[in-house]
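J.: Provided herewith is a single structure, encoded as structure tokens, for subsequent inquiry.
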Amino acid sequence: MNPLATVVTAPDTLVGHPVIELAGVTKTYPGGVTALRSVDLVVDYGELLAIVGPSGSGKSTMLNLVGTLDRPSQGTVRIDGHDVASLSDRQLSALRARRIGFVFQQFHLAPGRDALGNVADGLLYTGVGKRERERRAEAALVRVGLGDRLTHRPYQLSGGERQRVAIARAVAGDPPLLLADEPTGNLDSVSGAGVMKLLRELNEAGTTILVITHDREIADSLPRQVPMRDGQVI
Amino acid sequence: MSAPTASPTIHNRTKGSLRPARLRPSDLARLGGYGLRSRPLRAVLSALGIAIGIAAMTAVVGISASSRADLDQELAKLGTNMLTVSPGKTMFGKQATLPDESVAMIKWIGPVQSVTATGVLSDTYAYRNDRIPAAQSGGLSVLAAKLDLLKTVGGTLDHGAWLNAATDRYPAVVLGATAAERLGNVPAVYIGGRWWVVVGVLQKVLLAPELDSAVLMGWPAATTYLGFDGHPTTVYTRSVESQVEAVRAVLAPTANPSAPGAVQVSKPSDALAARRATNATFDALLLGLGAVALLVGGIGVANTMVISVLERRSEIGLRRSQGATKGQVRTQFVAESLLLSLLGGAFGALLGYLVTGMYATTQKWPTVVPLWVLAGGVGATVVIGAIAGLYPAIRAARLAPTEALAAT
């Protein structure tokens, strides 16, 4: 097994060090739309925060930049100590595979795979063997409270359960940073509250979690809020 | 700038790990099958084109190989050591004749094991009965035959008896297989104003097909009743296998020492092989059709893959967010395309084999599908799959992760 693939949760010595550093970040899309204007943001290991703002405020662009899915037009993005600008596409892929977990509003679960398969497949690019992937997947599903739903297909699960599977998939590799894009956007309030509770528990266990939401109420339930409007942090 | 620089320890701790993990071959195979399993009907339909192409090509080659194997078996049974001698043209372009003593002369050639002959009775025709107009001769020839003809040409009787020392002096005939078909099941035939009793019917003679449409009678009977001139028109010889070419070289001067140029020597087994080989052009045509089917099949696979990439943008985005490199996305789609076309190729090869087996069985041939055809078929599908999948795979890999994730 590739020893580098074994990811460790941020140890206590890292608390107080930044996992996300955005300095003077501007993102301009081809066609001249400026989604972000000179944004500065520092998030330390172990934080739980919300980036909150209405649609068009640039929070999705923030997610793409922090998730290293996109590069800034200007400014510096540092994730887990790596300057994104200095990394190749392959290196960014490796960074995402081991250091960042994503949770999406639409869950993005494979309909033909059961919960265990969906979570295990999330570890495909970490270089871990199939048996170990399934072992970690099962552990992650137990952790999110779905230990009795391992062989259920997505259509056999409720919305809240689906999002839990997606969260299990994102944390199965124990990434230090979890990015959640409107994680409760497709859920009723009860399921949504359950998902937020799960995220708080994961944070207490050491994972840095950044939630992107337009919902003030959800943002206010978290320890830190970063409000955004018109591409700027206000 | 407000952002503090990361402490060097953190930087160094993680810097080295930024090498993407390699996909294991087993994981890659599973990834390739993933898309096919989620849409099985589409996979089957698009693999069908490839299957038809490979099946057509396998069957064409298999059927001609089976036919050849059958011929080889026949020839092994019949022997390839038969040579025939017949009169050619004289220097002046007239029909030559073989000297009466040519058969005896050829017998003196050392490696020659047996010699026999037939003689055509020109302007003599056989009829079912005495009321058939003379012009309706039915394309049958009337031949005088030596008693040892059957043994030398490797002929067998369908029913009845061959001529013997008694019947070859009297009006009795043996019919070739085709002659018997045309004349019908008659007890006697009418030749030269006289009834001739049918004593036997031959099966088809592969090495001497001219006997099939012949009515054969004894040499003395032909001379006595029909004024046969006694000139042999075809001399059949069997030689020691290793000496066939040497015998061939001396046959003409031996048969007619005064005019060796007016003698034709041929090897019927070669002629037989050549006749089967003429099917090659037909094979080439069918093979071409198979290639076209294969090409169309390849385009079908490419089309399926293009659609698949368009439909699965969010899957691609998800995989990229999970850390798949561009190369890994590309490899996944190429693997899927390869698998799809291999599926078609394997099914096509099986189908081609079955078609060959069925056709060969109806023809009573052995079923032979050369291994190189099966290997070539699978190899071709690998190439087609790679080519068909490459462009869609490159498109999938080029898709920006953010754009792919934005698609729902």
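Ligands are numbered from 1 in the order shown, chains are lettered A, B, ... in the order of the structure tokens, and residues start at 1 in each chain.
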Using backbone DSSP assignments, extract all helix (DSSP H, G or I) residues from range 45-181 of chain B; output them as a VMD selection string.
T.: chain B and resid 45 to 78 102 to 107 149 to 153 167 to 169 177 to 181
J.: Within range 211-356 of chain B, find each residue whose DSSP state, derived from the backbone, is strand (DSSP E or B), and express the selection as a list in words.
T.: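 Reading the DSSP output for range 211-356 of chain B, strand (DSSP E or B) covers Ala214, Val215, Leu216, Met217, Gly218, Thr234, Val235, Tyr236, Thr237, Arg238, Ser239, Val263, Gln264, Val265 and Ser266 of chain B.
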J.: What does the file look like for those residues with N, CA and C atoms, as a PDB file, in the first residue's frame?
T.:
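And here's result_2.pdb as it stands now:
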```
ATOM      1  N   ALA B 214     -20.091 -39.130 -68.218  1.00  0.00           N
ATOM      2  CA  ALA B 214     -19.742 -40.077 -69.287  1.00  0.00           C
ATOM      3  C   ALA B 214     -20.572 -41.349 -69.183  1.00  0.00           C
ATOM      4  N   VAL B 215     -20.745 -41.958 -70.330  1.00  0.00           N
ATOM      5  CA  VAL B 215     -21.293 -43.314 -70.401  1.00  0.00           C
ATOM      6  C   VAL B 215     -20.113 -44.203 -70.780  1.00  0.00           C
ATOM      7  N   LEU B 216     -19.746 -45.132 -69.892  1.00  0.00           N
ATOM      8  CA  LEU B 216     -18.514 -45.899 -70.075  1.00  0.00           C
ATOM      9  C   LEU B 216     -18.828 -47.309 -70.552  1.00  0.00           C
ATOM     10  N   MET B 217     -18.063 -47.726 -71.550  1.00  0.00           N
ATOM     11  CA  MET B 217     -18.262 -49.091 -72.056  1.00  0.00           C
ATOM     12  C   MET B 217     -16.898 -49.741 -72.207  1.00  0.00           C
ATOM     13  N   GLY B 218     -16.908 -51.065 -72.426  1.00  0.00           N
ATOM     14  CA  GLY B 218     -15.657 -51.787 -72.576  1.00  0.00           C
ATOM     15  C   GLY B 218     -14.937 -51.407 -73.871  1.00  0.00           C
ATOM     16  N   THR B 234      -7.615 -39.935 -72.949  1.00  0.00           N
ATOM     17  CA  THR B 234      -7.083 -39.518 -71.650  1.00  0.00           C
ATOM     18  C   THR B 234      -6.399 -40.722 -71.027  1.00  0.00           C
ATOM     19  N   VAL B 235      -5.137 -40.527 -70.644  1.00  0.00           N
ATOM     20  CA  VAL B 235      -4.413 -41.597 -69.969  1.00  0.00           C
ATOM     21  C   VAL B 235      -4.256 -41.164 -68.512  1.00  0.00           C
ATOM     22  N   TYR B 236      -4.690 -42.012 -67.598  1.00  0.00           N
ATOM     23  CA  TYR B 236      -4.567 -41.702 -66.166  1.00  0.00           C
ATOM     24  C   TYR B 236      -3.416 -42.511 -65.592  1.00  0.00           C
ATOM     25  N   THR B 237      -2.532 -41.845 -64.834  1.00  0.00           N
ATOM     26  CA  THR B 237      -1.419 -42.573 -64.226  1.00  0.00           C
ATOM     27  C   THR B 237      -1.340 -42.254 -62.736  1.00  0.00           C
ATOM     28  N   ARG B 238      -0.867 -43.234 -62.011  1.00  0.00           N
ATOM     29  CA  ARG B 238      -0.517 -43.003 -60.609  1.00  0.00           C
ATOM     30  C   ARG B 238       0.955 -43.317 -60.470  1.00  0.00           C
ATOM     31  N   SER B 239       1.684 -42.440 -59.749  1.00  0.00           N
ATOM     32  CA  SER B 239       3.122 -42.642 -59.600  1.00  0.00           C
ATOM     33  C   SER B 239       3.475 -42.648 -58.119  1.00  0.00           C
ATOM     34  N   VAL B 263       1.148 -33.152 -76.687  1.00  0.00           N
ATOM     35  CA  VAL B 263       0.619 -33.908 -75.559  1.00  0.00           C
ATOM     36  C   VAL B 263       0.397 -32.959 -74.380  1.00  0.00           C
ATOM     37  N   GLN B 264      -0.745 -33.066 -73.770  1.00  0.00           N
ATOM     38  CA  GLN B 264      -1.012 -32.248 -72.583  1.00  0.00           C
ATOM     39  C   GLN B 264      -0.933 -33.122 -71.345  1.00  0.00           C
ATOM     40  N   VAL B 265      -0.135 -32.668 -70.369  1.00  0.00           N
ATOM     41  CA  VAL B 265      -0.045 -33.405 -69.116  1.00  0.00           C
ATOM     42  C   VAL B 265      -0.617 -32.504 -68.022  1.00  0.00           C
ATOM     43  N   SER B 266      -1.501 -33.031 -67.191  1.00  0.00           N
ATOM     44  CA  SER B 266      -2.021 -32.185 -66.124  1.00  0.00           C
ATOM     45  C   SER B 266      -2.140 -32.975 -64.823  1.00  0.00           C
TER      46      SER B 266
END
```
J.: Once you count only C-alpha atoms, which residues of chain A turn out to be within 6 Å of chain B? Could you give them as a PDB file with N, CA and C atoms, in the first residue's frame?
T.:
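Contents of iface_22.pdb, as written:
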```pdb
ATOM      1  N   LEU A   4       1.833   7.026   1.593  1.00  0.00           N
ATOM      2  CA  LEU A   4       1.425   8.428   1.521  1.00  0.00           C
ATOM      3  C   LEU A   4      -0.093   8.551   1.456  1.00  0.00           C
ATOM      4  N   ALA A  23      -5.475  35.426  -0.169  1.00  0.00           N
ATOM      5  CA  ALA A  23      -4.920  36.774  -0.048  1.00  0.00           C
ATOM      6  C   ALA A  23      -5.104  37.523  -1.359  1.00  0.00           C
ATOM      7  N   LEU A  69     -10.658  23.484  -7.382  1.00  0.00           N
ATOM      8  CA  LEU A  69     -11.253  23.072  -8.646  1.00  0.00           C
ATOM      9  C   LEU A  69     -11.001  24.135  -9.705  1.00  0.00           C
ATOM     10  N   GLY A  81      -1.239  24.580   3.271  1.00  0.00           N
ATOM     11  CA  GLY A  81       0.153  24.976   3.115  1.00  0.00           C
ATOM     12  C   GLY A  81       0.669  25.006   1.688  1.00  0.00           C
ATOM     13  N   ARG A  90      -2.101  17.801 -11.947  1.00  0.00           N
ATOM     14  CA  ARG A  90      -1.973  16.482 -11.306  1.00  0.00           C
ATOM     15  C   ARG A  90      -1.790  16.629  -9.797  1.00  0.00           C
ATOM     16  N   GLN A  91      -0.965  17.589  -9.410  1.00  0.00           N
ATOM     17  CA  GLN A  91      -0.718  17.781  -7.981  1.00  0.00           C
ATOM     18  C   GLN A  91      -1.974  18.263  -7.271  1.00  0.00           C
ATOM     19  N   SER A  93      -4.946  17.496  -8.171  1.00  0.00           N
ATOM     20  CA  SER A  93      -5.800  16.308  -8.048  1.00  0.00           C
ATOM     21  C   SER A  93      -5.410  15.512  -6.823  1.00  0.00           C
ATOM     22  N   ALA A  94      -4.101  15.347  -6.626  1.00  0.00           N
ATOM     23  CA  ALA A  94      -3.624  14.584  -5.465  1.00  0.00           C
ATOM     24  C   ALA A  94      -4.013  15.302  -4.167  1.00  0.00           C
ATOM     25  N   LEU A  95      -3.923  16.635  -4.190  1.00  0.00           N
ATOM     26  CA  LEU A  95      -4.302  17.418  -3.006  1.00  0.00           C
ATOM     27  C   LEU A  95      -5.771  17.185  -2.666  1.00  0.00           C
ATOM     28  N   ARG A  96      -6.622  17.204  -3.696  1.00  0.00           N
ATOM     29  CA  ARG A  96      -8.054  16.976  -3.472  1.00  0.00           C
ATOM     30  C   ARG A  96      -8.303  15.553  -2.985  1.00  0.00           C
ATOM     31  N   ALA A  97      -7.542  14.594  -3.554  1.00  0.00           N
ATOM     32  CA  ALA A  97      -7.769  13.198  -3.189  1.00  0.00           C
ATOM     33  C   ALA A  97      -7.510  12.963  -1.710  1.00  0.00           C
ATOM     34  N   TYR A 125      -9.328   7.249  -5.740  1.00  0.00           N
ATOM     35  CA  TYR A 125      -8.150   7.979  -6.222  1.00  0.00           C
ATOM     36  C   TYR A 125      -7.138   8.246  -5.122  1.00  0.00           C
ATOM     37  N   THR A 126      -7.305   7.548  -3.992  1.00  0.00           N
ATOM     38  CA  THR A 126      -6.339   7.727  -2.905  1.00  0.00           C
ATOM     39  C   THR A 126      -5.282   6.631  -2.916  1.00  0.00           C
ATOM     40  N   GLY A 127      -5.426   5.653  -3.824  1.00  0.00           N
ATOM     41  CA  GLY A 127      -4.431   4.600  -3.935  1.00  0.00           C
ATOM     42  C   GLY A 127      -4.616   3.480  -2.926  1.00  0.00           C
TER      43      GLY A 127
END
```
J.: Excluding Leu22 in chain A and residues on its chain fewer than 4 positions from it, collect all residues at most 10 Å away from it, counting only C-alpha atoms, and give them as a list in words.
T.: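 Counting only C-alpha atoms, the residues come to Thr26, Ser38, Val39, Asp40, Leu41, Val42, Val43, Met62, Leu65, Val66, Pro72, Gly75, Thr76, Val77, Arg78, Ile79 and Asp83 of chain A; Met1, Ser2, Ala3 and Pro4 of chain B.
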J.: Skipping near chain neighbours, those fewer than 2 positions away, what residues fall within 12 Å of Leu143 in chain B using only C-alpha atoms, listed as a CSV table (one decimal) with N, CA and C atoms, in the first residue's frame?
T.:
```csv
chain,number,residue,atom,x,y,z
B,117,ALA,N,-6.7,-45.9,-69.2
B,117,ALA,CA,-7.1,-44.9,-70.3
B,117,ALA,C,-8.5,-45.0,-70.6
B,118,THR,N,-9.0,-43.8,-71.1
B,118,THR,CA,-10.4,-43.8,-71.7
B,118,THR,C,-10.2,-43.3,-73.1
B,119,GLY,N,-11.1,-43.6,-74.0
B,119,GLY,CA,-11.1,-43.1,-75.3
B,119,GLY,C,-12.5,-42.6,-75.7
B,120,VAL,N,-12.5,-41.3,-76.2
B,120,VAL,CA,-13.8,-40.7,-76.6
B,120,VAL,C,-14.3,-41.3,-77.9
B,121,LEU,N,-15.5,-41.7,-77.9
B,121,LEU,CA,-16.1,-42.1,-79.2
B,121,LEU,C,-16.7,-40.9,-79.8
B,122,SER,N,-16.1,-40.3,-80.8
B,122,SER,CA,-16.6,-39.0,-81.3
B,122,SER,C,-17.8,-39.3,-82.1
B,123,ASP,N,-18.7,-38.3,-82.1
B,123,ASP,CA,-20.0,-38.4,-82.8
B,123,ASP,C,-20.8,-39.6,-82.4
B,124,THR,N,-20.7,-40.0,-81.2
B,124,THR,CA,-21.5,-41.1,-80.7
B,124,THR,C,-22.2,-40.6,-79.4
B,125,TYR,N,-23.5,-40.7,-79.3
B,125,TYR,CA,-24.2,-40.2,-78.2
B,125,TYR,C,-25.1,-41.2,-77.6
B,126,ALA,N,-25.4,-41.0,-76.3
B,126,ALA,CA,-26.3,-42.0,-75.6
B,126,ALA,C,-27.6,-41.3,-75.3
B,140,LEU,N,-23.8,-35.6,-72.8
B,140,LEU,CA,-23.1,-36.7,-72.3
B,140,LEU,C,-22.1,-37.2,-73.3
B,141,SER,N,-20.9,-37.7,-72.8
B,141,SER,CA,-19.9,-38.3,-73.7
B,141,SER,C,-20.0,-39.8,-73.6
B,145,ALA,N,-13.6,-47.5,-71.9
B,145,ALA,CA,-12.7,-47.5,-70.7
B,145,ALA,C,-12.0,-48.8,-70.5
B,146,LYS,N,-10.7,-48.7,-70.0
B,146,LYS,CA,-10.0,-49.9,-69.7
B,146,LYS,C,-10.6,-50.4,-68.3
B,149,LEU,N,-9.7,-48.8,-64.9
B,149,LEU,CA,-9.9,-47.3,-64.8
B,149,LEU,C,-10.3,-46.9,-63.3
B,173,VAL,N,-23.0,-50.9,-70.3
B,173,VAL,CA,-22.4,-49.6,-69.9
B,173,VAL,C,-22.4,-49.4,-68.4
B,174,VAL,N,-21.5,-48.6,-68.0
B,174,VAL,CA,-21.6,-48.0,-66.6
B,174,VAL,C,-21.7,-46.5,-66.7
B,175,LEU,N,-22.7,-46.0,-65.9
B,175,LEU,CA,-23.0,-44.5,-66.1
B,175,LEU,C,-22.2,-43.7,-65.0
B,176,GLY,N,-21.7,-42.6,-65.4
B,176,GLY,CA,-21.1,-41.6,-64.5
B,176,GLY,C,-22.3,-41.0,-63.6
B,179,ALA,N,-24.3,-38.4,-65.5
B,179,ALA,CA,-25.0,-39.1,-66.6
B,179,ALA,C,-26.2,-39.9,-66.1
B,191,ILE,N,-27.5,-46.4,-77.8
B,191,ILE,CA,-26.3,-45.8,-78.3
B,191,ILE,C,-26.0,-46.5,-79.7
B,210,GLU,N,-14.5,-35.4,-65.5
B,210,GLU,CA,-15.0,-35.7,-66.8
B,210,GLU,C,-15.8,-37.0,-66.9
B,211,LEU,N,-15.5,-38.0,-66.0
B,211,LEU,CA,-16.1,-39.3,-66.0
B,211,LEU,C,-17.6,-39.2,-65.5
B,212,ASP,N,-17.9,-38.1,-64.7
B,212,ASP,CA,-19.2,-38.0,-64.2
B,212,ASP,C,-20.3,-37.9,-65.3
B,213,SER,N,-20.0,-37.2,-66.3
B,213,SER,CA,-21.0,-37.0,-67.4
B,213,SER,C,-20.7,-38.0,-68.6
B,214,ALA,N,-20.1,-39.1,-68.2
B,214,ALA,CA,-19.7,-40.1,-69.3
B,214,ALA,C,-20.6,-41.3,-69.2
B,215,VAL,N,-20.7,-42.0,-70.3
B,215,VAL,CA,-21.3,-43.3,-70.4
B,215,VAL,C,-20.1,-44.2,-70.8
B,216,LEU,N,-19.7,-45.1,-69.9
B,216,LEU,CA,-18.5,-45.9,-70.1
B,216,LEU,C,-18.8,-47.3,-70.6
B,217,MET,N,-18.1,-47.7,-71.5
B,217,MET,CA,-18.3,-49.1,-72.1
B,217,MET,C,-16.9,-49.7,-72.2
B,218,GLY,N,-16.9,-51.1,-72.4
B,218,GLY,CA,-15.7,-51.8,-72.6
B,218,GLY,C,-14.9,-51.4,-73.9
B,219,TRP,N,-13.6,-51.5,-73.8
B,219,TRP,CA,-12.8,-51.1,-75.0
B,219,TRP,C,-13.1,-52.0,-76.2
B,220,PRO,N,-13.2,-53.4,-75.9
B,220,PRO,CA,-13.5,-54.2,-77.1
B,220,PRO,C,-14.9,-54.0,-77.6
B,221,ALA,N,-15.9,-53.8,-76.7
B,221,ALA,CA,-17.3,-53.6,-77.1
B,221,ALA,C,-17.4,-52.3,-78.0
B,222,ALA,N,-16.6,-51.3,-77.6
B,222,ALA,CA,-16.7,-50.1,-78.4
B,222,ALA,C,-16.1,-50.3,-79.8
B,223,THR,N,-15.1,-51.1,-79.9
B,223,THR,CA,-14.5,-51.4,-81.2
B,223,THR,C,-15.4,-52.2,-82.0
B,226,LEU,N,-19.2,-50.1,-82.2
B,226,LEU,CA,-19.3,-48.6,-82.6
B,226,LEU,C,-18.2,-48.1,-83.4
B,228,PHE,N,-15.0,-47.9,-82.8
B,228,PHE,CA,-14.0,-47.1,-82.1
B,228,PHE,C,-12.6,-47.3,-82.7
B,229,ASP,N,-11.9,-46.1,-82.8
B,229,ASP,CA,-10.6,-46.2,-83.5
B,229,ASP,C,-9.5,-46.7,-82.5
B,230,GLY,N,-9.8,-46.8,-81.2
B,230,GLY,CA,-8.8,-47.4,-80.3
B,230,GLY,C,-7.8,-46.4,-79.8
B,231,HIS,N,-7.9,-45.1,-80.2
B,231,HIS,CA,-6.9,-44.1,-79.7
B,231,HIS,C,-7.3,-43.7,-78.3
B,232,PRO,N,-6.5,-43.8,-77.3
B,232,PRO,CA,-6.8,-43.3,-76.0
B,232,PRO,C,-6.9,-41.7,-76.1
B,233,THR,N,-7.8,-41.1,-75.4
B,233,THR,CA,-7.9,-39.7,-75.4
B,233,THR,C,-7.5,-39.1,-74.0
B,234,THR,N,-7.6,-39.9,-72.9
B,234,THR,CA,-7.1,-39.5,-71.7
B,234,THR,C,-6.4,-40.7,-71.0
```
J.: Which distance in Å separates CA of Gly348 in chain B and CA of Ala69 in chain B, to one decimal?
T.: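 So the two atoms, CA of Gly348 in chain B and CA of Ala69 in chain B, lie 22.6 Å apart.
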J.: Please provide the set of residues having any atom within 9 Å of Ala335 in chain B, restricted to only C-alpha atoms, with same-chain residues fewer than 4 positions apart removed, written as a list in words.
T.: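 Neighbouring residues, sequence-local ones excluded: Leu28, Ala29, Leu31, Gly32, Gly33, Arg330, Thr331, Leu339, Leu340, Gly385, Ala386 and Gly389 of chain B.
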J.: For a test of reading the model, state the distance in Å between CA of Asn186 in chain A and CA of Thr208 in chain A, rounded to one decimal.
T.: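 Straight-line distance from CA of Asn186 in chain A to CA of Thr208 in chain A works out to 22.9 Å.
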J.: Env of Ala284 in chain B: 10 Å cut, atoms = only C-alpha atoms, seq-sep filter 5 positions within chain, self excluded. Answer as a list in words.
T.: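 Residues meeting the cut-off are Met57, Val60, Val61, Asn279, Leu289 and Gly290 of chain B.
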J.: So which residues touch range 231-234 of chain A within 6 Å, counting only C-alpha atoms, skipping near sequence neighbours fewer than 4 positions away, as a CSV table (one decimal) with N, CA and C atoms, in the first residue's frame?
T.:
```
chain,number,residue,atom,x,y,z
A,35,ALA,N,-16.3,37.6,-10.4
A,35,ALA,CA,-17.1,36.9,-9.4
A,35,ALA,C,-16.5,37.2,-8.0
A,36,LEU,N,-15.2,37.4,-7.9
A,36,LEU,CA,-14.6,37.7,-6.6
A,36,LEU,C,-13.7,38.9,-6.8
A,37,ARG,N,-13.8,39.8,-5.8
A,37,ARG,CA,-12.9,41.0,-5.8
A,37,ARG,C,-12.0,41.1,-4.6
A,57,SER,N,-23.4,36.1,-5.0
A,57,SER,CA,-22.5,36.9,-4.1
A,57,SER,C,-21.0,36.4,-4.3
A,58,GLY,N,-20.9,35.3,-5.0
A,58,GLY,CA,-19.5,34.8,-5.3
A,58,GLY,C,-19.1,33.6,-4.4
A,227,PRO,N,-19.8,36.6,5.8
A,227,PRO,CA,-20.8,37.1,4.9
A,227,PRO,C,-20.2,37.6,3.6
```
J.: When you draw a straight line from CA of Leu287 in chain B to CA of Phe347 in chain B, how long is it in Å?
T.: 17.9 Å
J.: Pick out the closest residue to Ala302 in chain B from this set: B:Ala172, B:Ile387, B:Val205, B:Ala55. Count only C-alpha atoms.
T.: B:Ile387
